[in-house]
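Colleague: Structure in structure tokens, see below.
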Amino acid sequence: MILLLLVPQAQAQEPPHQNILILHSFHKGHVWNDSISKGIDAGLARADASSMVLSVYYEYMDAERFDNAGQARRLADFFNEKYRQVPFDVIIATDDSAFRFLLDEKKKIFADTPVVFCGVNYFEEFEMFGHDRFTGVVERIDILETVRTALRLHPRTREILVVVDQTDTSIAILKTIVTYFKAMDDPSLFRFIPAMTMEELQGEVSHLPEDTVVLFVNFTVDRTGRTFSMKEGLQRVARASSAPIYTFWDNYLGYGVVGGMMASGSAHGEKAAEIALRLLSGNSVQAIPVFKESLNRHMFDYSQMERFRLKKAVLPAGAEVINVPFSFYSTYKKLVWGIVLSIAGLGMIILVLVANTFKRKRVEISLTYYSNQLRVLNSIDRAVLDGSFSSETVRDVLRYVRDLYDCRWACVVSFDFDKERATVVAVDTASGRVVPEGSSYPIREFDPETLARGRRMTVAGDEAGKNALLSGFYRSEGGMDGYVSVPLMANEELIGALNLCRFDQPGLLIENLDIVKEVATSLAVAIQSVNLMQATLQHGYELERLSAKVFEMQETTCRKISFELHDEIGQALTAATLNLAAMKKMIDSGAGANLTGLLADTEEIVNRLYEQAHDLSINLWPPMLRDFGLGPTLRWYLSRIGEKVDIPLILDAPDFPERPSEEIEAAVYRLAQEALNNIVKHARASRVTISLKRRTDGMIVFTVEDDGVGFEPESVLSGGDMNHKLGLLGMRERIAFLGGRFTLWSSPGQGTSIVTEIPWKAKKEETT
């Protein structure tokens with residue numbers, strides 16, 4: 001019975017709903033319009049929620065951009081139809097266009113609704129005749145005080161340049177300004193700009209003398225009819241102006257003006273909201289007269305004051321300054337000391353009461369935290385040291401991290417930036433879903449640019465679903481909450497990422513994942529160490545095979561030289577010896593008639609022997625490399641090759657002012673021999689280009705390029721056929737021995753390019 005009686009009483013106490021229409025003259029984004037709107041919102045926020053519930057509707061007339069004939073009539077019809085079922089309790093009209101629109105159309109669409117206007121410039125009492133449901137706030141710009149303020153702050157001023165366009169609004173303001181200027185002691189100070197383009201105006205203000213001040217009224221349309229927003233017009237002028245700029249409205253503040261006695265859009269909006277709340281509280285429109293007092297205040301921009309060397313001490317009393325560098329202590333000095341003393345007192349009491357309990361809990365939490373952290377980090381380090389680090393170790397670590405943070409899955413991927421691929425190292429999931437190790441995905445799906453900065457990254461929503469690997473976990477692990485990606489950094493380089501999600505523990509944020517960062521660091525070091533160890537072993541293995549092959553080639557070379565000496569040169573020498581013996585017998589026997597033939601035959605044998613010895617010597621070491629240098633030797637060698645093959649060989653090798661060291665000349669010559677030998681045997685090229693240059697940074701750059709069939713460098717270097725990769729390894733080792741860099745690029749069907757960069761080292765002068 002008592003409950004039934006209380007229900008009607010509770011319903012009777014529910015505050016009434018009040019509907020408010022805010023009709024803006026301009027568009028959203030218009031700085032003055034937005035300033036008023038901000039003030040209205042702030043004023044309405046002060047409404048007593050226990051006495052009324054507000055429903056606010058916003059409309060924008062966009063009169064600055066759409067002021068064509070018939071627009072008001074169409075808006076009236078639109079509002080009449082749209083709000084036919086919405087009874088408004090009050091309307092707030094901002095600026096002149098909305099105010100005059102309601103004067104003309106209100107009786108047709110909002111006949112009995114009271115109107116509060118604000119930001120109205122040219123208000124006349126007679127306009128209110130016959131409109132007893134209107135009240136509001138009149139905007140009055142303080143022209144004289146703004147000018148006098150500028151002259152006080154710049155006492156050497158000899159000219160005030162008034163910037164104003166030729167629009168109807170500006171001309172109306174200009175008429176008011178001229179009336180006030182006549183009251184000045186020296187009206188000749190003022191100079192008004194003629195009709196100009198924006199560029200002409202920028203040129204005008206960019207060369208103003210130091211004794212000039214700019215008074216900016218408005219510039220939204222230039223001489224050619226080009227339009228600008230209020231903010232854009234001011235910003236363009238301010239960027240070009242060499243003189244300080246003053247104005248009358250605070251919505252310009254912060255865009256290049258020094259300041260002035262400014263009308264505040266937010267102040268007008270707050271005052272209008274205050275009047276609207278009084279009307280909603282039961283006051284009649286007739287009881288609230290139009291507010292005509294000035295809401296203007298001195299306002300300045302600290303950054304512009306710094307530019308023109310104005311001190312705060314010279315500003316008018318009570319002036320408001322924006323963009324002042326923030327000093328928390330200076331701004332809230334009393335509050336800071338009050339808080340410090342309060343905290344100190346309360347802290348002492350709290351410390352005395354809970355010191356032991358807090359200390360014990362903190363120690364327990366810290367021990368647990370560091371124990372878990374050390375345990376997993378120790379397992380990683382131990383696995384690296386004893387050589388047992390593997391993907392299974394990584395899975396154990398992931399399982400620990402997943403259990404620690406109650407997440408559904410975790411995985412580690414490594415990055416190969418050359419191939420632009422991300423490879424799966426290990427995965428652990430709550431469902432047991434298996435992703436094959438070594439699976440490869442596009443590296444861009446993991447946003448390596450962000451991770452490379454060493455930052456943890458949270459990816460949520462649709463973005464998370466774009467990752468092919470991780471989206472599979474969403475399906476198997478139930479949900480698309482996003483994931484956390486932690487970079488694996490080794491020696492300040494990104495080598496992979498640790499990814500985990502989805503969290504069953506509510507509210508677990510990335511800031512709480514401290515252990516994960518430590519785990520990621522250790523994993524990165526471990527993975528890098530294993531990679532280096534494997535690379536070292538592979539390199540050692542290759543060196544062993546290379547050494548064996550070198551020994552084999554040395555033996556082959558020795559056998560070849562022995563064969564040449566024994567079978568070619570030896571036979572030639574034997575023939576020459578027999579001929580000489582025969583000639584001796586002929587001389588002894590007096591049969592000298594046949595000597596001429598034997599001598600010619602012997603001479604031919606000796607000449608052939610000389611050529612064979614000469615070719616053998618050149619193949620082992622060309623003497624002209626020692627005598628004439630690298631460039632001429634390369635030209636000579638290419639001419640010899642060109643005589644044997646039908647391939648265009650293009651050489652760009654200018655002579656250097658000074659010769660490099662013998663080691664560099666020998667290495668480049670051997671490199672050219674090996675490269676051209678490979679091209680002739682395997683490339684099937686139709687064109688070969690060779691260049692030798694010395695860069696300004698002191699590096700010798702040797703390049704060999706062909707348009708042949710190409711090959712896969714990785715498959716050759718990793719293959720078991722030592723004959724195929726010996727030449728490449730030999731070239732790489734020769735250049736590395738000289739402290740240079742060897743770069744090989746090739747692709748099937750796209751030719752091959754070899755580029756070597758060797759630090760310059762001059763040839764030592766020979767001493768006698």
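Just remember, in the structure tokens the first chain shown is A, the second B, etc., residues are 1-based per chain, and ligands are 1-based in the order shown.
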Give me, as a list in words, all polymer residues having an atom no more than 10 Å from Arg695 in chain A, counting only C-alpha atoms and skipping those fewer than 6 positions away in the same chain.
Modeller: Val701, Glu757, Pro759 and Trp760 of chain A
Colleague: Can I get the selection written as a compact mmCIF listing (two decimals), in the first residue's frame, with C-alpha atoms?
Modeller:
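Contents of result.txt, as written:
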# COMPACT_ATOMS: atom_id res chain seq x y z
CA VAL A 701 83.45 1.51 -57.55
CA GLU A 757 83.14 -0.67 -53.44
CA PRO A 759 88.31 2.12 -50.01
CA TRP A 760 90.98 4.03 -51.93
Colleague: Considering only C-alpha atoms, return as a list in words whatever protein or nucleic-acid residues lie within 9 Å of range 264-268 of chain A, sequence-local ones (same chain, fewer than 2 positions apart) excluded.
Modeller: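 Residues near the query, excluding close chain neighbours: Trp32, Asn33, Asp34, Ser35, Ile36, Ser37, Lys38, Gly39, Ile40, Ala42, Cys118, Gly119, Val137, Val138, Glu139, Phe248, Trp249, Asp250, Asn251, Met262, Glu270, Lys271, Ala272, Ala273, Leu295, Asn296 and Arg297 of chain A.
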Colleague: What's the 12 Å shell around range 429-443 of chain A, counting only C-alpha atoms, without same-chain residues fewer than 5 positions away, as an MDAnalysis selection string?
Modeller: chainID A and resid 390:392 394:396 398:403 406:424 448:449 451 466:470 472:478 494:497 499:504
Colleague: Env of Ala276 in chain A: 9 Å cut, atoms = only C-alpha atoms, seq-sep filter 6 positions within chain, self excluded. Answer as a ChimeraX atom specification.
Modeller: /A:20,44,90-92,114-116,136
Colleague: Out of range 162-346 of chain A, which residues get alpha helix (DSSP H) from DSSP, as a PyMOL selection string?
Modeller: chain A and resi 168-181+198-206+230-240+265-280+302-307+328-331+333-346
Colleague: Taking only range 133-191 of chain A into account, list the residues labelled strand (DSSP E) by DSSP (computed from the backbone), as a short mmCIF file (atom, residue, chain, number, x, y, z; two decimals) with N, CA, C and O atoms, in the first residue's frame.
Modeller:
data_model
loop_
_atom_site.label_atom_id
_atom_site.label_comp_id
_atom_site.auth_asym_id
_atom_site.auth_seq_id
_atom_site.Cartn_x
_atom_site.Cartn_y
_atom_site.Cartn_z
N PHE A 134 11.14 38.71 -28.20
CA PHE A 134 12.58 38.74 -28.46
C PHE A 134 13.31 39.44 -27.33
O PHE A 134 12.85 40.46 -26.80
N THR A 135 14.44 38.91 -26.96
CA THR A 135 15.40 39.58 -26.09
C THR A 135 16.77 38.97 -26.39
O THR A 135 16.88 38.02 -27.18
N GLY A 136 17.82 39.52 -25.81
CA GLY A 136 19.13 38.95 -26.11
C GLY A 136 20.28 39.85 -25.74
O GLY A 136 20.18 40.70 -24.86
N VAL A 137 21.41 39.65 -26.47
CA VAL A 137 22.67 40.33 -26.17
C VAL A 137 23.15 41.02 -27.44
O VAL A 137 23.25 40.39 -28.50
N VAL A 138 23.45 42.33 -27.32
CA VAL A 138 23.91 43.11 -28.46
C VAL A 138 25.44 43.09 -28.48
O VAL A 138 26.09 43.28 -27.45
N GLU A 159 51.32 55.55 -38.61
CA GLU A 159 50.27 55.18 -39.56
C GLU A 159 49.58 53.92 -39.08
O GLU A 159 50.22 53.00 -38.56
N ILE A 160 48.26 53.90 -39.23
CA ILE A 160 47.47 52.70 -38.95
C ILE A 160 46.82 52.27 -40.26
O ILE A 160 45.99 52.98 -40.83
N LEU A 161 47.24 51.09 -40.77
CA LEU A 161 46.70 50.55 -42.02
C LEU A 161 45.47 49.71 -41.70
O LEU A 161 45.55 48.71 -40.99
N VAL A 162 44.31 50.12 -42.22
CA VAL A 162 43.05 49.41 -41.97
C VAL A 162 42.82 48.42 -43.11
O VAL A 162 42.69 48.80 -44.27
N VAL A 163 42.79 47.12 -42.77
CA VAL A 163 42.58 46.06 -43.75
C VAL A 163 41.12 45.65 -43.71
O VAL A 163 40.62 45.13 -42.70
N VAL A 164 40.40 45.90 -44.80
CA VAL A 164 38.97 45.57 -44.87
C VAL A 164 38.63 45.33 -46.33
O VAL A 164 39.16 45.99 -47.23
N PHE A 190 45.07 57.17 -40.13
CA PHE A 190 44.45 55.98 -40.71
C PHE A 190 44.56 56.00 -42.23
O PHE A 190 44.31 57.01 -42.89
N ARG A 191 44.95 54.82 -42.78
CA ARG A 191 44.99 54.62 -44.23
C ARG A 191 44.24 53.34 -44.55
O ARG A 191 44.54 52.27 -44.00
#
Colleague: Quick one: of A:Met61, A:Ile349, A:Ser294, A:Phe99, who's nearest to Asp142 in chain A, counting only C-alpha atoms?
Modeller: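 Distance minimum relative to Asp142 in chain A lands on A:Ser294.
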Colleague: So which one's closest to Leu102 in chain A, A:Leu676, A:Ala319, A:Ile758, A:Leu75? Using only C-alpha atoms, please.
Modeller: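 Looking only at the distances to Leu102 in chain A, the closest residue turns out to be A:Leu75.
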Colleague: Skip Met299 in chain A itself and residues of its chain fewer than 2 positions away, then list as a list of chain:residue names all residues within 6 Å of it, counting only C-alpha atoms.
Modeller: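 Selected residues are A:Gly259, A:Gly260, A:Ala319, A:Glu320, A:Val321.
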Colleague: Mind dumping the selected residues with C-alpha atoms as an mmCIF file, in the first residue's frame?
Modeller:
data_model
loop_
_atom_site.group_PDB
_atom_site.id
_atom_site.type_symbol
_atom_site.label_atom_id
_atom_site.label_comp_id
_atom_site.auth_asym_id
_atom_site.auth_seq_id
_atom_site.Cartn_x
_atom_site.Cartn_y
_atom_site.Cartn_z
ATOM 1 C CA GLY A 259 45.389 41.613 -29.495
ATOM 2 C CA GLY A 260 42.992 44.449 -28.747
ATOM 3 C CA ALA A 319 44.240 41.911 -19.700
ATOM 4 C CA GLU A 320 43.931 38.245 -20.624
ATOM 5 C CA VAL A 321 46.935 36.660 -22.374
#
Colleague: Can you tell me, as a list in words, what residues are no more than 12 Å from His682 in chain A when counting only C-alpha atoms, ignoring any on the same chain fewer than 2 positions away?
Modeller: Glu674, Ala675, Leu676, Asn677, Asn678, Ile679, Val680, Arg684, Ala685, Asp706, Asp707, Gly708, Val709, Gly710, Phe711, His724, Gly751 and Thr752 of chain A
Colleague: Measuring atom to atom with only C-alpha atoms, identify which of A:Thr536, A:Ser529, A:Ser97, A:Gln18 is nearest to Ala72 in chain A.
Modeller: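 For Ala72 in chain A, the nearest of the candidates is A:Ser97.
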Colleague: Rank A:Ile650, A:Tyr58, A:Ser661, A:Gly730 by their smallest atom-to-atom distance to Asp41 in chain A, using only C-alpha atoms, and report the top residue only.
Modeller: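 Of all the options, A:Tyr58 lies closest to Asp41 in chain A.
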